[in-house]
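A.B. asks: Handing you this structure, nothing more for now.
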Amino acid sequence: MSQSSTTSKSLGRGLEALLGSDPLIGTGEENQSIRIVSIHELAPGRYQPRESFDQESLDSLIASVREKGVIQPILVRPVHHGLANYEIVAGERRWRAAKEAGFAEIPAIVREMSDLEALETGLIENIQRHDLNPLEEAQGFKRLMDEFQYTQDDLAQALGKSRSYIANSVRLLSLGEEVKEALKKGKITAGHARALINSEFPQELLQKIIRNGLNVRQTEKLVQRGQKVSKIERINFLPENDNDIKGLIQRLTEKLHLKVNLDLKPNGSGVLNIHFHSLEQLDILLTNLSLAV
């Protein structure tokens, strides 16, 4: 039996298996294992799926910690290298908030855990609390598949998600950096991003989405229209022996320094398409056309 098959059930148990039936409180025997650990004995987890921390949200947590203390213990595992004695598995935001609030100690549950268990638990905790942005969640899924041989089916079953949810999440990692950055900053949603995966010109469409405040459905229609245009562009409407028209298109392309193609109808009518990639190129094109008139 594969490693992923034997561990997916433990992954599915999530924090309930680690902190009791209520992950915010812990129950019974688990409370007896809580220790008070020095802030400086702790280090961020190597398998923490979270890459960024929203400062506004963190400031709110710092204020809460100052007033009420750290109510829920963090989860840590012992480490035997470096300066720290413990590595944080779940609860890094609470640790950061406690440090900023001036606390010297923090309550923690100490558990011996493998690398796989640490990644699983950190991923599950953040998913359950909706703390990860879509790209962080996708990266967590990918790490479980790449480093620990999980399949998409394993993850779907263990996390209570559909297989398509896992697949579409991981596909977000194939997006260009500009689109990823917009997703991280909340300028677009995961729905927008998934629609752009199928686009041949995602960066150009991204600007339209942000500029016009398009919703996901409008974005999907925009991408579909773009695909239809691209399909038309790939069809050679010119007769093979019509060298004069082909030569004209070649001269226009060289003159304008832009891609030009022609949708020629059987009756002799048609549409000439000139492609530009920025407003600056459009401005230059319009200037050249006005000079030619």
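FYI, nothing fancy with the structure tokens labels: chains A, B, ... in order, residues from 1 per chain, ligands from 1 as they appear.
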Among region 10-211 of chain A, which residues carry a DSSP assignment of alpha helix (DSSP H), reported as JSON, numbers by chain?

C.D. replies: {"A": [10, 11, 12, 13, 15, 16, 17, 18, 19, 55, 56, 57, 58, 59, 60, 61, 62, 63, 64, 65, 66, 67, 68, 92, 93, 94, 95, 96, 97, 98, 99, 100, 115, 116, 117, 118, 119, 120, 121, 122, 123, 124, 125, 126, 127, 128, 134, 135, 136, 137, 138, 139, 140, 141, 142, 143, 144, 145, 146, 147, 148, 152, 153, 154, 155, 156, 157, 158, 159, 163, 164, 165, 166, 167, 168, 169, 170, 171, 177, 178, 179, 180, 181, 182, 183, 184, 190, 191, 192, 193, 194, 195, 196, 197, 202, 203, 204, 205, 206, 207, 208, 209, 210, 211]}

A.B. asks: Can those selected residues be exported to a file as a compact mmCIF listing (two decimals), in the first residue's frame so that it contains C-alpha atoms?

C.D. replies:
```
# COMPACT_ATOMS: atom_id res chain seq x y z
CA SER A 10 -4.84 10.57 9.38
CA LEU A 11 -4.78 13.68 7.19
CA GLY A 12 -8.56 13.67 7.08
CA ARG A 13 -8.84 13.64 10.89
CA LEU A 15 -6.90 19.05 14.12
CA GLU A 16 -9.56 17.00 15.90
CA ALA A 17 -7.05 14.18 16.20
CA LEU A 18 -4.42 16.56 17.56
CA LEU A 19 -6.28 19.02 19.75
CA GLN A 55 -0.71 43.07 8.50
CA GLU A 56 -4.16 44.46 9.30
CA SER A 57 -5.37 41.05 10.45
CA LEU A 58 -2.16 40.52 12.44
CA ASP A 59 -2.53 43.93 14.12
CA SER A 60 -6.03 42.95 15.21
CA LEU A 61 -4.73 39.70 16.67
CA ILE A 62 -1.92 41.55 18.49
CA ALA A 63 -4.49 43.83 20.12
CA SER A 64 -6.55 40.81 21.17
CA VAL A 65 -3.50 39.03 22.62
CA ARG A 66 -2.53 42.13 24.59
CA GLU A 67 -6.00 42.24 26.12
CA LYS A 68 -6.79 38.55 26.66
CA GLU A 92 2.50 30.88 13.77
CA ARG A 93 0.20 33.93 13.70
CA ARG A 94 -0.43 33.56 17.44
CA TRP A 95 3.33 33.29 18.06
CA ARG A 96 4.04 36.39 15.96
CA ALA A 97 1.27 38.31 17.73
CA ALA A 98 2.57 37.27 21.16
CA LYS A 99 6.08 38.45 20.24
CA GLU A 100 4.76 41.80 18.98
CA ASP A 115 7.83 16.09 8.24
CA LEU A 116 4.72 14.69 6.55
CA GLU A 117 2.59 15.11 9.67
CA ALA A 118 3.90 18.66 10.12
CA LEU A 119 2.99 19.63 6.54
CA GLU A 120 -0.39 17.88 6.76
CA THR A 121 -1.33 19.52 10.02
CA GLY A 122 -0.20 23.01 9.03
CA LEU A 123 -2.11 22.74 5.76
CA ILE A 124 -5.27 21.43 7.39
CA GLU A 125 -5.30 24.01 10.16
CA ASN A 126 -5.03 26.87 7.69
CA ILE A 127 -7.66 25.37 5.35
CA GLN A 128 -10.09 24.87 8.23
CA PRO A 134 -5.58 30.44 -3.08
CA LEU A 135 -1.94 30.22 -4.18
CA GLU A 136 -0.69 29.15 -0.74
CA GLU A 137 -3.37 26.47 -0.63
CA ALA A 138 -2.40 25.29 -4.12
CA GLN A 139 1.28 25.18 -3.16
CA GLY A 140 0.40 23.14 -0.07
CA PHE A 141 -1.48 20.63 -2.22
CA LYS A 142 1.44 20.45 -4.66
CA ARG A 143 3.96 19.82 -1.87
CA LEU A 144 1.88 16.96 -0.52
CA MET A 145 1.78 15.44 -4.01
CA ASP A 146 5.41 16.11 -4.95
CA GLU A 147 7.14 15.41 -1.64
CA PHE A 148 4.85 12.82 -0.08
CA GLN A 152 -5.39 14.26 -6.22
CA ASP A 153 -7.90 11.58 -5.24
CA ASP A 154 -6.11 11.06 -1.89
CA LEU A 155 -6.25 14.77 -1.11
CA ALA A 156 -9.87 15.13 -2.19
CA GLN A 157 -10.96 12.26 0.04
CA ALA A 158 -8.85 13.31 3.01
CA LEU A 159 -9.75 17.00 2.95
CA ARG A 163 -11.09 16.10 -7.05
CA SER A 164 -11.84 18.96 -9.46
CA TYR A 165 -11.33 21.44 -6.59
CA ILE A 166 -7.83 20.05 -5.98
CA ALA A 167 -7.02 19.95 -9.71
CA ASN A 168 -8.25 23.51 -10.35
CA SER A 169 -6.40 24.75 -7.29
CA VAL A 170 -3.05 23.31 -8.42
CA ARG A 171 -3.58 24.69 -11.94
CA GLU A 177 3.61 36.11 -12.14
CA GLU A 178 1.53 39.21 -12.89
CA VAL A 179 -1.72 37.31 -12.51
CA LYS A 180 -0.45 35.51 -9.39
CA GLU A 181 0.49 38.83 -7.80
CA ALA A 182 -2.98 40.25 -8.51
CA LEU A 183 -4.51 37.15 -6.91
CA LYS A 184 -2.27 37.44 -3.83
CA ALA A 190 -9.59 32.53 -7.63
CA GLY A 191 -12.55 32.36 -10.04
CA HIS A 192 -11.06 35.12 -12.19
CA ALA A 193 -7.67 33.40 -12.09
CA ARG A 194 -9.08 30.01 -13.12
CA ALA A 195 -10.77 31.64 -16.12
CA LEU A 196 -7.47 33.25 -17.17
CA ILE A 197 -5.72 29.87 -17.22
CA PRO A 202 -3.90 36.53 -19.62
CA GLN A 203 -1.90 39.68 -18.83
CA GLU A 204 -3.91 41.80 -21.26
CA LEU A 205 -7.23 40.45 -19.97
CA LEU A 206 -6.10 40.92 -16.37
CA GLN A 207 -5.87 44.68 -16.89
CA LYS A 208 -9.36 44.76 -18.40
CA ILE A 209 -10.77 42.81 -15.45
CA ILE A 210 -9.24 45.14 -12.89
CA ARG A 211 -9.93 48.35 -14.83
```

A.B. asks: For Pro107 (chain A), which residue among A:Gly91, A:Gly213, A:Gly186, A:Pro73 is the nearest when counting only C-alpha atoms?

C.D. replies: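 Of all the options, A:Pro73 lies closest to Pro107 (chain A).
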
A.B. asks: For a test of reading the model, state the distance in Å between CA of Lys187 (chain A) and CA of Arg46 (chain A), rounded to one decimal.

C.D. replies: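 The value is 28.6 Å.
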
A.B. asks: As a list in words, please: every residue in region 44-285 of chain A that DSSP puts in strand (DSSP E).

C.D. replies: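 DSSP-assigned strand (DSSP E) residues in region 44-285 of chain A: Ile74, Leu75, Val76, Arg77, Pro78, Tyr86, Glu87, Ile88, Val89, Ala90, Glu105, Ile106, Pro107, Ala108, Ile109, Val110, Lys259, Val260, Asn261, Leu262, Asp263, Leu264, Gly270, Val271, Leu272, Asn273, Ile274 and His275 of chain A.
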
A.B. asks: For the residues selected in the previous step, produce a file with C-alpha atoms as a tab-separated table (two decimals), in the first residue's frame.

C.D. replies:
```tsv
chain	number	residue	atom	x	y	z
A	74	ILE	CA	-0.01	26.57	19.47
A	75	LEU	CA	1.19	23.17	18.24
A	76	VAL	CA	4.95	22.57	18.07
A	77	ARG	CA	7.39	19.72	17.57
A	78	PRO	CA	10.87	19.34	19.07
A	86	TYR	CA	10.81	23.79	18.97
A	87	GLU	CA	9.40	24.27	15.48
A	88	ILE	CA	5.89	25.68	15.06
A	89	VAL	CA	3.52	23.32	13.28
A	90	ALA	CA	0.27	25.27	13.75
A	105	GLU	CA	6.06	32.90	26.90
A	106	ILE	CA	3.23	31.18	25.08
A	107	PRO	CA	1.15	28.03	25.76
A	108	ALA	CA	2.04	25.15	23.44
A	109	ILE	CA	1.24	21.50	22.86
A	110	VAL	CA	4.48	19.63	22.14
A	259	LYS	CA	0.80	41.59	-36.33
A	260	VAL	CA	-1.71	41.91	-39.19
A	261	ASN	CA	-4.11	39.30	-40.53
A	262	LEU	CA	-7.10	39.26	-42.85
A	263	ASP	CA	-10.46	37.54	-42.53
A	264	LEU	CA	-11.40	37.33	-46.21
A	270	GLY	CA	-13.48	40.99	-45.18
A	271	VAL	CA	-12.00	42.38	-41.99
A	272	LEU	CA	-8.43	43.55	-41.52
A	273	ASN	CA	-7.15	42.92	-37.96
A	274	ILE	CA	-4.21	44.87	-36.51
A	275	HIS	CA	-2.98	43.61	-33.14
```

A.B. asks: Quick one: residues within 12 Å of Phe276 (chain A), only C-alpha atoms counted, chain neighbours fewer than 6 positions away excluded, as a list in words?

C.D. replies: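 Near neighbours after the sequence-gap exclusion: Phe201, Glu204, Thr253, Leu256, His257, Leu258, Lys259, Val260, Leu282, Asp283, Ile284, Leu285 and Leu286 of chain A.
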
A.B. asks: Rounded to one decimal, what separation in Å do you get between CA of Ile39 (chain A) and CA of Gly69 (chain A)?

C.D. replies: 13.5 Å

A.B. asks: Hey, can you check how far CA of Val70 (chain A) sits from CA of Ala104 (chain A)?

C.D. replies: 11.7 Å
